[in-house]
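The file protein.csv comes next; it holds CSV, C-alpha atoms and all ligand atoms.
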chain,number,residue,atom,x,y,z
A,1,MET,CA,91.4,110.7,98.3
A,2,ILE,CA,92.8,112.0,101.6
A,3,ARG,CA,91.5,110.1,104.6
A,4,GLU,CA,91.4,111.3,108.2
A,5,ILE,CA,94.5,110.2,110.3
A,6,VAL,CA,93.4,108.5,113.5
A,7,GLN,CA,94.9,110.0,116.6
A,8,VAL,CA,96.3,108.3,119.7
A,9,GLY,CA,93.5,107.1,122.1
A,10,ASP,CA,91.6,105.4,119.2
A,11,PRO,CA,91.5,101.7,119.9
A,12,VAL,CA,92.3,100.8,116.2
A,13,LEU,CA,95.9,102.0,116.8
A,14,ARG,CA,96.2,99.2,119.4
A,15,GLU,CA,94.9,96.3,117.3
A,16,LYS,CA,96.9,93.4,116.0
A,17,CYS,CA,96.3,94.0,112.3
A,18,LYS,CA,95.1,91.2,110.0
A,19,PRO,CA,97.2,90.0,107.0
A,20,VAL,CA,96.1,91.2,103.6
A,21,THR,CA,94.6,88.2,101.7
A,22,ARG,CA,92.8,89.8,98.8
A,23,PHE,CA,94.8,91.8,96.3
A,24,ASP,CA,91.8,93.5,94.7
A,25,GLY,CA,90.3,96.9,94.0
A,26,GLU,CA,89.4,97.5,97.6
A,27,LEU,CA,93.1,97.1,98.5
A,28,TYR,CA,94.2,99.4,95.7
A,29,LYS,CA,91.7,102.1,96.8
A,30,LEU,CA,93.1,101.8,100.4
A,31,LEU,CA,96.7,102.1,99.2
A,32,ASP,CA,96.0,105.0,96.8
A,33,ASP,CA,94.2,106.8,99.6
A,34,MET,CA,97.1,106.1,102.0
A,35,LYS,CA,99.5,107.6,99.5
A,36,ASP,CA,97.3,110.8,99.1
A,37,THR,CA,97.0,111.0,102.9
A,38,LEU,CA,100.8,110.6,103.5
A,39,LYS,CA,101.8,113.0,100.8
A,40,ALA,CA,99.3,115.6,102.1
A,41,ALA,CA,100.6,115.2,105.7
A,42,GLU,CA,104.3,115.3,104.5
A,43,GLY,CA,105.2,112.4,106.7
A,44,ALA,CA,107.8,109.6,106.3
A,45,GLY,CA,105.4,106.8,106.7
A,46,LEU,CA,101.8,105.7,107.3
A,47,ALA,CA,100.3,102.4,108.3
A,48,ALA,CA,96.8,101.3,107.4
A,49,PRO,CA,95.5,101.3,111.0
A,50,GLN,CA,96.3,105.1,111.0
A,51,VAL,CA,93.5,105.5,108.5
A,52,GLY,CA,91.3,103.2,110.6
A,53,VAL,CA,91.8,100.0,108.6
A,54,PRO,CA,93.6,97.3,110.7
A,55,VAL,CA,95.3,95.4,108.0
A,56,ARG,CA,99.0,94.7,107.4
A,57,ALA,CA,99.9,97.4,104.9
A,58,VAL,CA,102.3,100.3,105.3
A,59,HIS,CA,103.8,103.1,103.2
A,60,VAL,CA,107.2,104.6,103.6
A,61,ASP,CA,108.3,107.8,101.8
A,62,VAL,CA,112.1,108.3,102.2
A,63,GLU,CA,115.2,109.3,100.2
A,64,GLU,CA,115.4,105.8,98.7
A,65,GLY,CA,111.9,106.1,97.2
A,66,TYR,CA,108.2,105.6,97.9
A,67,PHE,CA,107.4,102.1,99.0
A,68,GLU,CA,104.2,100.1,99.7
A,69,PHE,CA,104.8,97.1,101.8
A,70,ILE,CA,102.0,94.6,102.1
A,71,ASN,CA,102.3,91.8,104.8
A,72,PRO,CA,105.8,93.0,105.7
A,73,VAL,CA,108.1,91.0,108.0
A,74,ILE,CA,111.5,91.9,109.3
A,75,VAL,CA,113.6,88.7,108.8
A,76,SER,CA,116.9,90.0,110.0
A,77,GLN,CA,118.4,93.1,111.7
A,78,LYS,CA,121.8,94.4,112.5
A,79,GLY,CA,123.3,97.2,114.6
A,80,GLU,CA,121.7,100.0,116.5
A,81,GLN,CA,120.8,103.7,116.0
A,82,SER,CA,119.3,106.2,118.3
A,83,GLY,CA,117.4,109.2,116.9
A,84,PRO,CA,114.3,111.4,117.0
A,85,GLU,CA,110.9,110.1,115.9
A,86,GLY,CA,107.4,111.5,115.6
A,87,CYS,CA,104.1,110.1,114.4
A,88,LEU,CA,101.2,111.4,112.4
A,89,SER,CA,98.9,109.8,115.0
A,90,VAL,CA,100.6,111.6,117.9
A,91,ARG,CA,100.6,115.2,116.9
A,92,GLY,CA,102.9,117.7,118.3
A,93,LYS,CA,105.3,115.3,120.0
A,94,ALA,CA,108.7,113.7,119.4
A,95,GLY,CA,111.0,111.4,121.3
A,96,ILE,CA,114.2,109.5,121.0
A,97,VAL,CA,113.9,105.8,119.9
A,98,VAL,CA,116.6,103.1,119.6
A,99,ARG,CA,116.1,101.1,116.4
A,100,PRO,CA,118.3,98.6,114.4
A,101,GLU,CA,120.7,100.3,111.9
A,102,LYS,CA,119.8,97.8,109.2
A,103,VAL,CA,116.9,95.6,108.6
A,104,LYS,CA,116.0,93.0,105.9
A,105,LEU,CA,112.3,93.0,105.0
A,106,VAL,CA,110.2,90.5,103.1
A,107,PHE,CA,106.9,91.9,101.8
A,108,GLN,CA,104.3,91.7,99.0
A,109,ASP,CA,103.4,94.4,96.5
A,110,ARG,CA,99.8,95.4,95.8
A,111,HIS,CA,99.5,92.5,93.3
A,112,GLY,CA,100.7,89.9,95.9
A,113,ASP,CA,104.1,89.4,94.4
A,114,LYS,CA,106.9,88.7,96.9
A,115,TYR,CA,110.0,90.8,97.3
A,116,SER,CA,112.8,91.5,99.8
A,117,ILE,CA,114.7,94.7,100.5
A,118,VAL,CA,117.4,95.9,102.8
A,119,ALA,CA,116.9,99.2,104.6
A,120,ARG,CA,119.5,101.2,106.4
A,121,GLY,CA,119.7,104.3,108.6
A,122,PHE,CA,116.5,106.5,108.5
A,123,PHE,CA,114.9,104.1,106.0
A,124,ALA,CA,115.3,101.3,108.5
A,125,ARG,CA,113.9,103.5,111.3
A,126,ALA,CA,110.8,104.3,109.2
A,127,VAL,CA,110.3,100.7,108.4
A,128,CYS,CA,110.5,99.6,112.1
A,129,HIS,CA,108.2,102.4,113.2
A,130,GLU,CA,105.5,101.5,110.6
A,131,LEU,CA,105.7,97.8,111.2
A,132,ASP,CA,105.2,98.4,114.9
A,133,HIS,CA,101.9,100.1,114.0
A,134,LEU,CA,100.7,96.7,112.6
A,135,ASP,CA,101.1,95.2,116.0
A,136,GLY,CA,99.4,98.0,117.9
A,137,VAL,CA,102.7,99.5,119.1
A,138,LEU,CA,103.4,103.3,119.0
A,139,TYR,CA,106.8,104.8,119.2
A,140,THR,CA,105.8,106.5,122.4
A,141,ASP,CA,105.8,103.0,124.0
A,142,LYS,CA,109.5,102.8,123.3
A,143,ALA,CA,110.7,106.4,123.4
A,144,ALA,CA,112.8,108.3,125.9
A,145,ASP,CA,112.5,112.1,126.4
A,146,ILE,CA,109.0,112.6,124.7
A,147,HIS,CA,108.6,116.3,124.3
A,148,ASP,CA,106.4,118.9,122.6
A,149,VAL,CA,107.4,120.1,119.1
A,150,ASP,CA,106.0,122.8,116.8
A,151,GLU,CA,104.4,121.5,113.6
A,201,CO,CO,103.5,106.4,113.4
What is this structure when it is put down as structure tokens?
Ligand code: CO
Amino acid sequence: MIREIVQVGDPVLREKCKPVTRFDGELYKLLDDMKDTLKAAEGAGLAAPQVGVPVRAVHVDVEEGYFEFINPVIVSQKGEQSGPEGCLSVRGKAGIVVRPEKVKLVFQDRHGDKYSIVARGFFARAVCHELDHLDGVLYTDKAADIHDVDE
């Protein structure tokens, strides 16, 4: 089910999100709805607070695959890249953001099993952007040259 994407100005986007502790049907429903919502919006990522639920879960849809990261933590990072970013919660804008070139992430899947993954390039950028959402940070807090774009 497609959920409404919360827009900037809503306080839920500024919350420090709570860890996921129950890997149950309620979580699966949230994650399935987030996937439907992200696919419909054709974005590269979506964090749970963007559908109004302040818990630590994000989705990333990139060349490398479609990922659900529950309770994700960046444990190491390397290098630097500068490039354009937008956000489904900040419609019609884009800006240039500096991010690490490579990040190592530890996370859980929807069953609570633990994994780690290394992301590079745009994948790393998407991971960093989505993880910021879990701490109430928007890319516009970090971006230079925020400008209007056609959607
Ligand atoms: Co965003």
Could you give me, as a Markdown table, a per-residue list for stretch 24-103 of chain A showing, wherever an atom lies at most 12 Å from an atom of stretch 119-135 of chain A, the closest pair of atoms and their distance in Å to one decimal, using all atoms listed in the file and sorting by chain then residue number from low to high?
| residue | atom | partner | partner_atom | distance |
| --- | --- | --- | --- | --- |
| A:Gly43 | CA | A:Ala126 | CA | 10.2 |
| A:Ala44 | CA | A:Ala126 | CA | 6.7 |
| A:Gly45 | CA | A:Ala126 | CA | 6.5 |
| A:Leu46 | CA | A:Glu130 | CA | 6.5 |
| A:Ala47 | CA | A:Glu130 | CA | 5.8 |
| A:Ala48 | CA | A:Leu134 | CA | 8.0 |
| A:Pro49 | CA | A:Leu134 | CA | 7.1 |
| A:Gln50 | CA | A:His133 | CA | 8.1 |
| A:Val51 | CA | A:His133 | CA | 11.4 |
| A:Gly52 | CA | A:His133 | CA | 11.6 |
| A:Val53 | CA | A:Leu134 | CA | 10.3 |
| A:Pro54 | CA | A:Leu134 | CA | 7.4 |
| A:Val55 | CA | A:Leu134 | CA | 7.2 |
| A:Arg56 | CA | A:Leu134 | CA | 5.8 |
| A:Ala57 | CA | A:Leu134 | CA | 7.8 |
| A:Val58 | CA | A:Glu130 | CA | 6.3 |
| A:His59 | CA | A:Glu130 | CA | 7.8 |
| A:Val60 | CA | A:Ala126 | CA | 6.7 |
| A:Asp61 | CA | A:Ala126 | CA | 8.6 |
| A:Val62 | CA | A:Phe123 | CA | 6.3 |
| A:Glu63 | CA | A:Phe123 | CA | 7.8 |
| A:Glu64 | CA | A:Phe123 | CA | 7.5 |
| A:Gly65 | CA | A:Phe123 | CA | 9.5 |
| A:Tyr66 | CA | A:Phe123 | CA | 10.6 |
| A:Phe67 | CA | A:Val127 | CA | 9.9 |
| A:Glu68 | CA | A:Val127 | CA | 10.6 |
| A:Phe69 | CA | A:Val127 | CA | 9.3 |
| A:Ile70 | CA | A:Leu131 | CA | 10.3 |
| A:Asn71 | CA | A:Leu134 | CA | 9.3 |
| A:Pro72 | CA | A:Leu131 | CA | 7.3 |
| A:Val73 | CA | A:Leu131 | CA | 7.9 |
| A:Ile74 | CA | A:Cys128 | CA | 8.3 |
| A:Val75 | CA | A:Ala119 | CA | 11.8 |
| A:Ser76 | CA | A:Ala119 | CA | 10.7 |
| A:Gln77 | CA | A:Ala124 | CA | 9.3 |
| A:Lys78 | CA | A:Arg120 | CA | 9.4 |
| A:Gly79 | CA | A:Arg120 | CA | 9.9 |
| A:Glu80 | CA | A:Gly121 | CA | 9.2 |
| A:Gln81 | CA | A:Gly121 | CA | 7.5 |
| A:Ser82 | CA | A:Arg125 | CA | 9.2 |
| A:Gly83 | CA | A:Arg125 | CA | 8.7 |
| A:Pro84 | CA | A:Arg125 | CA | 9.7 |
| A:Glu85 | CA | A:Arg125 | CA | 8.6 |
| A:Gly86 | CA | A:His129 | CA | 9.4 |
| A:Cys87 | CA | A:His129 | CA | 8.8 |
| A:Leu88 | CA | A:Glu130 | CA | 10.9 |
| A:Ser89 | CA | A:His133 | CA | 10.2 |
| A:Ile96 | CA | A:Arg125 | CA | 11.4 |
| A:Val97 | CA | A:Arg125 | CA | 8.9 |
| A:Val98 | CA | A:Arg125 | CA | 8.7 |
| A:Arg99 | CA | A:Arg125 | CA | 6.1 |
| A:Pro100 | CA | A:Ala124 | CA | 7.1 |
| A:Glu101 | CA | A:Gly121 | CA | 5.3 |
| A:Lys102 | CA | A:Arg120 | CA | 4.4 |
| A:Val103 | CA | A:Ala119 | CA | 5.4 |
Take the residues just selected and output them with C-alpha atoms as an mmCIF file, in the coordinates of the input.
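Printed below is part_11.cif as written:
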data_model
loop_
_atom_site.group_PDB
_atom_site.id
_atom_site.type_symbol
_atom_site.label_atom_id
_atom_site.label_comp_id
_atom_site.auth_asym_id
_atom_site.auth_seq_id
_atom_site.Cartn_x
_atom_site.Cartn_y
_atom_site.Cartn_z
ATOM 1 C CA GLY A 43 105.200 112.400 106.700
ATOM 2 C CA ALA A 44 107.800 109.600 106.300
ATOM 3 C CA GLY A 45 105.400 106.800 106.700
ATOM 4 C CA LEU A 46 101.800 105.700 107.300
ATOM 5 C CA ALA A 47 100.300 102.400 108.300
ATOM 6 C CA ALA A 48 96.800 101.300 107.400
ATOM 7 C CA PRO A 49 95.500 101.300 111.000
ATOM 8 C CA GLN A 50 96.300 105.100 111.000
ATOM 9 C CA VAL A 51 93.500 105.500 108.500
ATOM 10 C CA GLY A 52 91.300 103.200 110.600
ATOM 11 C CA VAL A 53 91.800 100.000 108.600
ATOM 12 C CA PRO A 54 93.600 97.300 110.700
ATOM 13 C CA VAL A 55 95.300 95.400 108.000
ATOM 14 C CA ARG A 56 99.000 94.700 107.400
ATOM 15 C CA ALA A 57 99.900 97.400 104.900
ATOM 16 C CA VAL A 58 102.300 100.300 105.300
ATOM 17 C CA HIS A 59 103.800 103.100 103.200
ATOM 18 C CA VAL A 60 107.200 104.600 103.600
ATOM 19 C CA ASP A 61 108.300 107.800 101.800
ATOM 20 C CA VAL A 62 112.100 108.300 102.200
ATOM 21 C CA GLU A 63 115.200 109.300 100.200
ATOM 22 C CA GLU A 64 115.400 105.800 98.700
ATOM 23 C CA GLY A 65 111.900 106.100 97.200
ATOM 24 C CA TYR A 66 108.200 105.600 97.900
ATOM 25 C CA PHE A 67 107.400 102.100 99.000
ATOM 26 C CA GLU A 68 104.200 100.100 99.700
ATOM 27 C CA PHE A 69 104.800 97.100 101.800
ATOM 28 C CA ILE A 70 102.000 94.600 102.100
ATOM 29 C CA ASN A 71 102.300 91.800 104.800
ATOM 30 C CA PRO A 72 105.800 93.000 105.700
ATOM 31 C CA VAL A 73 108.100 91.000 108.000
ATOM 32 C CA ILE A 74 111.500 91.900 109.300
ATOM 33 C CA VAL A 75 113.600 88.700 108.800
ATOM 34 C CA SER A 76 116.900 90.000 110.000
ATOM 35 C CA GLN A 77 118.400 93.100 111.700
ATOM 36 C CA LYS A 78 121.800 94.400 112.500
ATOM 37 C CA GLY A 79 123.300 97.200 114.600
ATOM 38 C CA GLU A 80 121.700 100.000 116.500
ATOM 39 C CA GLN A 81 120.800 103.700 116.000
ATOM 40 C CA SER A 82 119.300 106.200 118.300
ATOM 41 C CA GLY A 83 117.400 109.200 116.900
ATOM 42 C CA PRO A 84 114.300 111.400 117.000
ATOM 43 C CA GLU A 85 110.900 110.100 115.900
ATOM 44 C CA GLY A 86 107.400 111.500 115.600
ATOM 45 C CA CYS A 87 104.100 110.100 114.400
ATOM 46 C CA LEU A 88 101.200 111.400 112.400
ATOM 47 C CA SER A 89 98.900 109.800 115.000
ATOM 48 C CA ILE A 96 114.200 109.500 121.000
ATOM 49 C CA VAL A 97 113.900 105.800 119.900
ATOM 50 C CA VAL A 98 116.600 103.100 119.600
ATOM 51 C CA ARG A 99 116.100 101.100 116.400
ATOM 52 C CA PRO A 100 118.300 98.600 114.400
ATOM 53 C CA GLU A 101 120.700 100.300 111.900
ATOM 54 C CA LYS A 102 119.800 97.800 109.200
ATOM 55 C CA VAL A 103 116.900 95.600 108.600
#
message: Applying 9 Å and only C-alpha atoms, which residues near A:Val8 remain after dropping the ones on its own chain fewer than 4 positions away? List them as a PyMOL selection string.
response: chain A and resi 13+89-91+138
field: Coordinates-based distance that separates atom CA of A:Glu4 from atom CO of ligand CO 201 (chain A) (Å, one decimal)
entry: 14.1 Å
message: Please compute the atom CA of A:Lys35-atom CA of A:Asp141 distance, one decimal, in Å.
response: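 Taking atom CA of A:Lys35 and atom CA of A:Asp141, their separation equals 25.7 Å.
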- prompt: Using all atoms listed in the file, which of the listed residues (A:Val149, A:Leu38, A:Val20, A:Val118) sits closest to ligand CO 201 (chain A)?
  reply: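 Comparing A:Val149, A:Leu38, A:Val20, A:Val118 against ligand CO 201 (chain A), the winner is A:Leu38.
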query: With distances taken over only C-alpha atoms and all ligand atoms, which of A:Lys104, A:Arg3, A:Lys18, A:Lys93 is nearest to ligand CO 201 (chain A)?
result: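 Of the candidates, the smallest distance to ligand CO 201 (chain A) is held by A:Lys93.
Across the model, the gap from atom CA of A:Gly92 to atom CA of A:Met1 is 24.1 Å.
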task: Counting only C-alpha atoms and all ligand atoms, figure out which residue out of A:Lys29, A:His147, A:Arg110, A:Arg14 gets nearest to ligand CO 201 (chain A).
output: A:Arg14
